[in-house]
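One structure is given here, and the rest of the page talks about it.
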Amino acid sequence: MNQKEIKALKKEIIEEGALNVGYYPRIISKITELWPEMIAEFVKEIALQGLDVATISHPLILNLFVTKAIEKMNYQEFKILAPYFLGYRQAEDEILAEPIQITRREYLRFQFEGEKLFDYKEPNPSLEERLKALTTMVVSNDNQPIAYQPISHRIAILESCEEMPEPFIDPGLINDINERRPYPELVAIRLLESSSHLRKHYLEAFKQLSSEELSEDELLAFVSSRLASTDDALNPQEVLNINETLANEKAGMELITHRVTGYCQKEQWELAYLKVEDVPEEKSNIIYYLEHDIGAYYRGSLAWLDIYDVNQEVEERYIVDREALWSDPLSVVQALTGDPTYLSMAMYEEVKGLDLSEDRFNQFILMSNEERRKFLQKENKEKTQTLNPSTKQRR
């Protein structure tokens with residue numbers, strides 16, 4: 001088919017739907033092989049539209065997926081998939097063999113890497129073999145498998161490293177673990193540097209107590225004493241007064257404090273963050289950062305979460321708080337990677353045990369986590385009833 005005909009075929013698919021044009025089932029695996037990100041984008045799109053995957057028939061889901069994928073492709077990308085549609089006609093020059101044209105760079109690569117290129121490659125190892133390799137040395141290395149992506153075969157592993165990763169230091173953070181000066185003094189320095197209103201406020205407050213001129217060091221000592229409740233905590237009432245002054249100076253400006261707890265008795269740290277943006281950021285996001293980035297670093301729970309590809313190579317690295325993975329580790333991995341098609345290890349083993357057809361398994365992948373749980377519960381119940389029929393059924 002020429003370019004005009006191929007473009008006409010694409011237009012027909014977008015307007016009529018892939019199912020009405022007709023396609024070979026192999027197109028699903030081809031799309032996920034060449035553009036694995038398409039599944040994640042599709043799941044996000046139907047989630048935003050409020051569609052419940054579990055209530056939609058499987059052919060309609062696949063039709064929607066293929067149609068949406070084709071809609072996002074350019075001409076060159078669609079040209080690869082065009083032969084998988086029933087409306088595609090092969091031209092004679094597509095059937096006849098053609099000599100391979102290679103560049104000088106490819107020729108040199110064949111020269112230097114020829115032996116490697118033609119080496120026999122062992123079949124892809126099973127998931128069990130890969131997990132054993134990633135989590136075991138002579139003895140277990142305590143690495144923990146968290147989630148599995150069955151389309152791209154990526155595995156999310158929580159690494160057990162002796163060296164803890166360094167957290168991201170946001171400009172708004174006031175605490176400094178390497179700083180020897182008292183915590184209230186660090187807060188006082190940041191406030192006086194960042195707010196002209198607070199500087200004026202504290203100068204006027206001092207003048208009510210004394211008529212003497214203040215040096216910078218004396219002003220800092222005065223503000224620090226007003227701020228301090230203890231050496232490692234601020235006076236809550238003073239923080240309220242400060243935020244009232246900051247709000248009058250600039251919208252969204254706020255001193256945010258958060259106390260984190262360690263693993264030893266009475267091990268606590270108060271963390272402070274000065275938000276100075278014009279557009280107010282969600283306070284909950286800052287609290288989360290203080291708790292699960294800086295707080296995790298202080299208490300020693302910061303760790304690497306590595307994403308391994310099918311070749312057992314680290315493809316992506318994320319810094320996480322082990323505590324953030326305690327309640328719902330799957331959602332954390334999905335949020336970090338932006339890929340909602342990850343499954344928990346237990347979920348994957350459970351669905352694998354159901355021995356679903358490829359079509360039903362693909363539909364399962366596109367479900368939300370809650371839909372997956374309901375699906376597994378229903379399938380396991382039906383399987384149990386099939387294996388253990390009631391006395392009435394046996395009669």
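Within each chain, counting starts at residue 1; across the structure tokens, chains are named A, B, ... in the order shown, with ligands numbered 1 upward in that order.
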Got a sec: who's within 12 Å of Leu330 (chain A), counting only C-alpha atoms, leaving out chain neighbours fewer than 2 positions off, as number ranges by chain?
A: 145-149, 155-158, 324-328, 332-348, 368-370
Could the residues in this selection be saved with N, CA and C atoms as a short mmCIF file (atom, residue, chain, number, x, y, z; two decimals), in the first residue's frame?
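Output (part.cif):
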data_model
loop_
_atom_site.label_atom_id
_atom_site.label_comp_id
_atom_site.auth_asym_id
_atom_site.auth_seq_id
_atom_site.Cartn_x
_atom_site.Cartn_y
_atom_site.Cartn_z
N PRO A 145 11.80 -7.96 46.93
CA PRO A 145 10.99 -7.69 45.74
C PRO A 145 9.69 -7.01 46.14
N ILE A 146 9.37 -5.90 45.49
CA ILE A 146 8.18 -5.12 45.86
C ILE A 146 7.06 -5.26 44.83
N ALA A 147 7.42 -5.15 43.53
CA ALA A 147 6.38 -5.17 42.50
C ALA A 147 6.96 -5.70 41.18
N TYR A 148 6.05 -6.13 40.30
CA TYR A 148 6.46 -6.73 39.02
C TYR A 148 5.58 -6.17 37.91
N GLN A 149 6.23 -5.81 36.78
CA GLN A 149 5.51 -5.33 35.60
C GLN A 149 5.54 -6.46 34.56
N ILE A 155 11.19 -5.48 37.42
CA ILE A 155 11.00 -5.84 38.83
C ILE A 155 11.46 -4.68 39.70
N ALA A 156 10.64 -4.29 40.66
CA ALA A 156 11.01 -3.25 41.62
C ALA A 156 11.58 -3.92 42.87
N ILE A 157 12.83 -3.60 43.19
CA ILE A 157 13.53 -4.22 44.31
C ILE A 157 13.93 -3.15 45.32
N LEU A 158 13.56 -3.37 46.59
CA LEU A 158 14.02 -2.49 47.67
C LEU A 158 15.38 -3.01 48.11
N ALA A 324 7.38 4.33 54.21
CA ALA A 324 6.32 4.67 53.26
C ALA A 324 5.82 3.44 52.51
N LEU A 325 6.62 2.36 52.54
CA LEU A 325 6.25 1.13 51.83
C LEU A 325 5.50 0.15 52.72
N TRP A 326 5.36 0.47 54.00
CA TRP A 326 4.75 -0.47 54.92
C TRP A 326 3.28 -0.75 54.61
N SER A 327 2.50 0.27 54.36
CA SER A 327 1.05 0.08 54.22
C SER A 327 0.63 -0.33 52.81
N ASP A 328 1.15 0.33 51.78
CA ASP A 328 0.72 0.04 50.40
C ASP A 328 1.90 0.20 49.45
N VAL A 332 2.98 2.96 45.97
CA VAL A 332 4.18 3.80 45.98
C VAL A 332 4.99 3.58 44.71
N VAL A 333 5.17 2.31 44.32
CA VAL A 333 5.92 2.00 43.09
C VAL A 333 5.21 2.56 41.87
N GLN A 334 3.89 2.40 41.82
CA GLN A 334 3.12 2.92 40.68
C GLN A 334 3.23 4.44 40.58
N ALA A 335 3.21 5.12 41.73
CA ALA A 335 3.31 6.57 41.73
C ALA A 335 4.70 7.04 41.32
N LEU A 336 5.73 6.37 41.81
CA LEU A 336 7.11 6.76 41.48
C LEU A 336 7.42 6.56 40.00
N THR A 337 7.00 5.42 39.46
CA THR A 337 7.32 5.10 38.07
C THR A 337 6.33 5.70 37.09
N GLY A 338 5.15 6.11 37.57
CA GLY A 338 4.10 6.60 36.68
C GLY A 338 3.46 5.49 35.87
N ASP A 339 3.63 4.25 36.33
CA ASP A 339 3.11 3.09 35.59
C ASP A 339 2.12 2.31 36.46
N PRO A 340 0.81 2.43 36.20
CA PRO A 340 -0.20 1.75 37.04
C PRO A 340 -0.34 0.26 36.74
N THR A 341 0.43 -0.27 35.78
CA THR A 341 0.28 -1.69 35.42
C THR A 341 1.18 -2.61 36.25
N TYR A 342 1.95 -2.05 37.20
CA TYR A 342 2.72 -2.90 38.11
C TYR A 342 1.77 -3.71 39.00
N LEU A 343 2.19 -4.93 39.33
CA LEU A 343 1.45 -5.79 40.26
C LEU A 343 2.32 -6.06 41.48
N SER A 344 1.68 -6.25 42.62
CA SER A 344 2.45 -6.70 43.78
C SER A 344 2.88 -8.14 43.51
N MET A 345 3.92 -8.60 44.20
CA MET A 345 4.41 -9.96 43.98
C MET A 345 3.32 -10.98 44.33
N ALA A 346 2.62 -10.72 45.43
CA ALA A 346 1.55 -11.64 45.85
C ALA A 346 0.42 -11.66 44.83
N MET A 347 0.09 -10.49 44.30
CA MET A 347 -0.98 -10.38 43.31
C MET A 347 -0.61 -11.13 42.03
N TYR A 348 0.65 -11.00 41.62
CA TYR A 348 1.08 -11.70 40.40
C TYR A 348 1.04 -13.21 40.59
N SER A 368 -7.76 -1.17 37.90
CA SER A 368 -7.19 -0.47 39.05
C SER A 368 -6.86 -1.51 40.12
N ASN A 369 -6.10 -1.12 41.13
CA ASN A 369 -5.74 -2.06 42.19
C ASN A 369 -6.97 -2.62 42.91
N GLU A 370 -7.95 -1.76 43.15
CA GLU A 370 -9.17 -2.21 43.84
C GLU A 370 -9.95 -3.18 42.96
#
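Of the listed residues A:Ile294, A:Gly353, A:Ser152, A:Pro184, the one whose atoms come nearest to Ser229 (chain A) is A:Pro184, with distances taken using only C-alpha atoms.
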Glu313 (chain A) proximity check over A:Ile169, A:Lys72, A:Arg130, A:Tyr84, using only C-alpha atoms: winner is A:Arg130
From a DSSP calculation on the backbone, collect every residue of region 239-357 of chain A in alpha helix (DSSP H) and output the set as an MDAnalysis selection string.
chainID A and resid 239:249 283:289 295:299 329:337 345:353
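Atom pair CA of Pro25 (chain A) / CA of Phe364 (chain A): separated by 17.1 Å.
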Which residues, written as a PDB file with all heavy atoms, in the first residue's frame, have at least one atom at most 9 Å from Leu9 (chain A), with only C-alpha atoms counted and residues fewer than 2 positions away on the same chain left out?
ATOM      1  N   LYS A   4      -0.690   7.239   0.723  1.00  0.00           N
ATOM      2  CA  LYS A   4      -2.056   7.743   0.748  1.00  0.00           C
ATOM      3  C   LYS A   4      -3.021   6.690   1.274  1.00  0.00           C
ATOM      4  O   LYS A   4      -3.916   6.981   2.080  1.00  0.00           O
ATOM      5  CB  LYS A   4      -2.454   8.179  -0.666  1.00  0.00           C
ATOM      6  CG  LYS A   4      -3.840   8.800  -0.746  1.00  0.00           C
ATOM      7  CD  LYS A   4      -4.161   9.252  -2.163  1.00  0.00           C
ATOM      8  CE  LYS A   4      -5.566   9.865  -2.256  1.00  0.00           C
ATOM      9  NZ  LYS A   4      -5.883  10.298  -3.635  1.00  0.00           N
ATOM     10  N   GLU A   5      -2.833   5.446   0.837  1.00  0.00           N
ATOM     11  CA  GLU A   5      -3.725   4.359   1.269  1.00  0.00           C
ATOM     12  C   GLU A   5      -3.529   4.032   2.745  1.00  0.00           C
ATOM     13  O   GLU A   5      -4.497   3.740   3.464  1.00  0.00           O
ATOM     14  CB  GLU A   5      -3.469   3.129   0.407  1.00  0.00           C
ATOM     15  CG  GLU A   5      -3.911   3.304  -1.049  1.00  0.00           C
ATOM     16  CD  GLU A   5      -3.463   2.156  -1.927  1.00  0.00           C
ATOM     17  OE1 GLU A   5      -2.345   1.640  -1.700  1.00  0.00           O
ATOM     18  OE2 GLU A   5      -4.208   1.779  -2.846  1.00  0.00           O
ATOM     19  N   ILE A   6      -2.267   4.076   3.187  1.00  0.00           N
ATOM     20  CA  ILE A   6      -1.995   3.788   4.601  1.00  0.00           C
ATOM     21  C   ILE A   6      -2.612   4.861   5.499  1.00  0.00           C
ATOM     22  O   ILE A   6      -3.207   4.570   6.546  1.00  0.00           O
ATOM     23  CB  ILE A   6      -0.473   3.685   4.842  1.00  0.00           C
ATOM     24  CG1 ILE A   6       0.072   2.422   4.159  1.00  0.00           C
ATOM     25  CG2 ILE A   6      -0.146   3.653   6.337  1.00  0.00           C
ATOM     26  CD1 ILE A   6       1.582   2.278   4.236  1.00  0.00           C
ATOM     27  N   LYS A   7      -2.508   6.123   5.088  1.00  0.00           N
ATOM     28  CA  LYS A   7      -3.119   7.211   5.865  1.00  0.00           C
ATOM     29  C   LYS A   7      -4.638   7.085   5.884  1.00  0.00           C
ATOM     30  O   LYS A   7      -5.290   7.376   6.892  1.00  0.00           O
ATOM     31  CB  LYS A   7      -2.699   8.556   5.286  1.00  0.00           C
ATOM     32  CG  LYS A   7      -1.258   8.934   5.576  1.00  0.00           C
ATOM     33  CD  LYS A   7      -0.932  10.339   5.086  1.00  0.00           C
ATOM     34  CE  LYS A   7       0.481  10.752   5.498  1.00  0.00           C
ATOM     35  NZ  LYS A   7       0.825  12.113   5.044  1.00  0.00           N
ATOM     36  N   LYS A  11      -7.076   6.672   9.165  1.00  0.00           N
ATOM     37  CA  LYS A  11      -8.247   7.526   9.375  1.00  0.00           C
ATOM     38  C   LYS A  11      -9.501   6.689   9.608  1.00  0.00           C
ATOM     39  O   LYS A  11     -10.323   6.988  10.479  1.00  0.00           O
ATOM     40  CB  LYS A  11      -8.440   8.441   8.163  1.00  0.00           C
ATOM     41  CG  LYS A  11      -9.599   9.410   8.319  1.00  0.00           C
ATOM     42  CD  LYS A  11      -9.740  10.305   7.083  1.00  0.00           C
ATOM     43  CE  LYS A  11     -10.919  11.264   7.240  1.00  0.00           C
ATOM     44  NZ  LYS A  11     -11.113  12.086   6.023  1.00  0.00           N
ATOM     45  N   GLU A  12      -9.629   5.595   8.835  1.00  0.00           N
ATOM     46  CA  GLU A  12     -10.791   4.709   8.977  1.00  0.00           C
ATOM     47  C   GLU A  12     -10.807   4.062  10.364  1.00  0.00           C
ATOM     48  O   GLU A  12     -11.867   3.934  10.996  1.00  0.00           O
ATOM     49  CB  GLU A  12     -10.750   3.626   7.894  1.00  0.00           C
ATOM     50  CG  GLU A  12     -11.975   2.710   7.928  1.00  0.00           C
ATOM     51  CD  GLU A  12     -11.876   1.587   6.900  1.00  0.00           C
ATOM     52  OE1 GLU A  12     -10.858   1.523   6.171  1.00  0.00           O
ATOM     53  OE2 GLU A  12     -12.816   0.768   6.840  1.00  0.00           O
ATOM     54  N   ILE A  13      -9.625   3.649  10.857  1.00  0.00           N
ATOM     55  CA  ILE A  13      -9.527   3.014  12.181  1.00  0.00           C
ATOM     56  C   ILE A  13      -9.947   3.995  13.275  1.00  0.00           C
ATOM     57  O   ILE A  13     -10.688   3.645  14.195  1.00  0.00           O
ATOM     58  CB  ILE A  13      -8.087   2.518  12.428  1.00  0.00           C
ATOM     59  CG1 ILE A  13      -7.751   1.375  11.468  1.00  0.00           C
ATOM     60  CG2 ILE A  13      -7.908   2.043  13.875  1.00  0.00           C
ATOM     61  CD1 ILE A  13      -6.270   1.056  11.393  1.00  0.00           C
ATOM     62  N   ILE A  14      -9.471   5.238  13.179  1.00  0.00           N
ATOM     63  CA  ILE A  14      -9.786   6.250  14.198  1.00  0.00           C
ATOM     64  C   ILE A  14     -11.274   6.585  14.185  1.00  0.00           C
ATOM     65  O   ILE A  14     -11.900   6.753  15.233  1.00  0.00           O
ATOM     66  CB  ILE A  14      -8.937   7.517  13.962  1.00  0.00           C
ATOM     67  CG1 ILE A  14      -7.453   7.208  14.195  1.00  0.00           C
ATOM     68  CG2 ILE A  14      -9.384   8.655  14.877  1.00  0.00           C
ATOM     69  CD1 ILE A  14      -6.518   8.325  13.799  1.00  0.00           C
ATOM     70  N   VAL A  21     -12.848  -2.241  11.732  1.00  0.00           N
ATOM     71  CA  VAL A  21     -11.972  -2.433  10.583  1.00  0.00           C
ATOM     72  C   VAL A  21     -11.468  -3.868  10.538  1.00  0.00           C
ATOM     73  O   VAL A  21     -11.361  -4.476   9.476  1.00  0.00           O
ATOM     74  CB  VAL A  21     -10.777  -1.443  10.644  1.00  0.00           C
ATOM     75  CG1 VAL A  21      -9.764  -1.733   9.542  1.00  0.00           C
ATOM     76  CG2 VAL A  21     -11.283  -0.011  10.542  1.00  0.00           C
ATOM     77  N   ALA A  82       0.359  -1.334  10.341  1.00  0.00           N
ATOM     78  CA  ALA A  82      -0.666  -1.432   9.296  1.00  0.00           C
ATOM     79  C   ALA A  82      -0.908  -2.862   8.804  1.00  0.00           C
ATOM     80  O   ALA A  82      -2.058  -3.259   8.605  1.00  0.00           O
ATOM     81  CB  ALA A  82      -0.300  -0.509   8.129  1.00  0.00           C
ATOM     82  N   PHE A  85      -3.788  -5.111  10.261  1.00  0.00           N
ATOM     83  CA  PHE A  85      -5.202  -4.826  10.041  1.00  0.00           C
ATOM     84  C   PHE A  85      -5.686  -5.532   8.777  1.00  0.00           C
ATOM     85  O   PHE A  85      -4.941  -5.671   7.798  1.00  0.00           O
ATOM     86  CB  PHE A  85      -5.437  -3.313   9.934  1.00  0.00           C
ATOM     87  CG  PHE A  85      -5.318  -2.599  11.243  1.00  0.00           C
ATOM     88  CD1 PHE A  85      -4.106  -2.036  11.642  1.00  0.00           C
ATOM     89  CD2 PHE A  85      -6.403  -2.519  12.107  1.00  0.00           C
ATOM     90  CE1 PHE A  85      -3.987  -1.393  12.852  1.00  0.00           C
ATOM     91  CE2 PHE A  85      -6.286  -1.870  13.327  1.00  0.00           C
ATOM     92  CZ  PHE A  85      -5.077  -1.308  13.696  1.00  0.00           C
ATOM     93  N   GLY A  87      -7.659  -4.608   6.546  1.00  0.00           N
ATOM     94  CA  GLY A  87      -7.793  -3.762   5.358  1.00  0.00           C
ATOM     95  C   GLY A  87      -6.473  -3.486   4.655  1.00  0.00           C
ATOM     96  O   GLY A  87      -6.430  -2.773   3.656  1.00  0.00           O
ATOM     97  N   TYR A  88      -5.360  -4.084   5.181  1.00  0.00           N
ATOM     98  CA  TYR A  88      -4.043  -3.799   4.590  1.00  0.00           C
ATOM     99  C   TYR A  88      -3.742  -4.778   3.455  1.00  0.00           C
ATOM    100  O   TYR A  88      -3.956  -5.983   3.585  1.00  0.00           O
ATOM    101  CB  TYR A  88      -2.966  -3.909   5.665  1.00  0.00           C
ATOM    102  CG  TYR A  88      -1.563  -3.582   5.167  1.00  0.00           C
ATOM    103  CD1 TYR A  88      -1.132  -2.271   5.088  1.00  0.00           C
ATOM    104  CD2 TYR A  88      -0.696  -4.597   4.763  1.00  0.00           C
ATOM    105  CE1 TYR A  88       0.139  -1.959   4.634  1.00  0.00           C
ATOM    106  CE2 TYR A  88       0.580  -4.301   4.309  1.00  0.00           C
ATOM    107  CZ  TYR A  88       0.993  -2.977   4.243  1.00  0.00           C
ATOM    108  OH  TYR A  88       2.248  -2.681   3.782  1.00  0.00           O
TER     109      TYR A  88
END
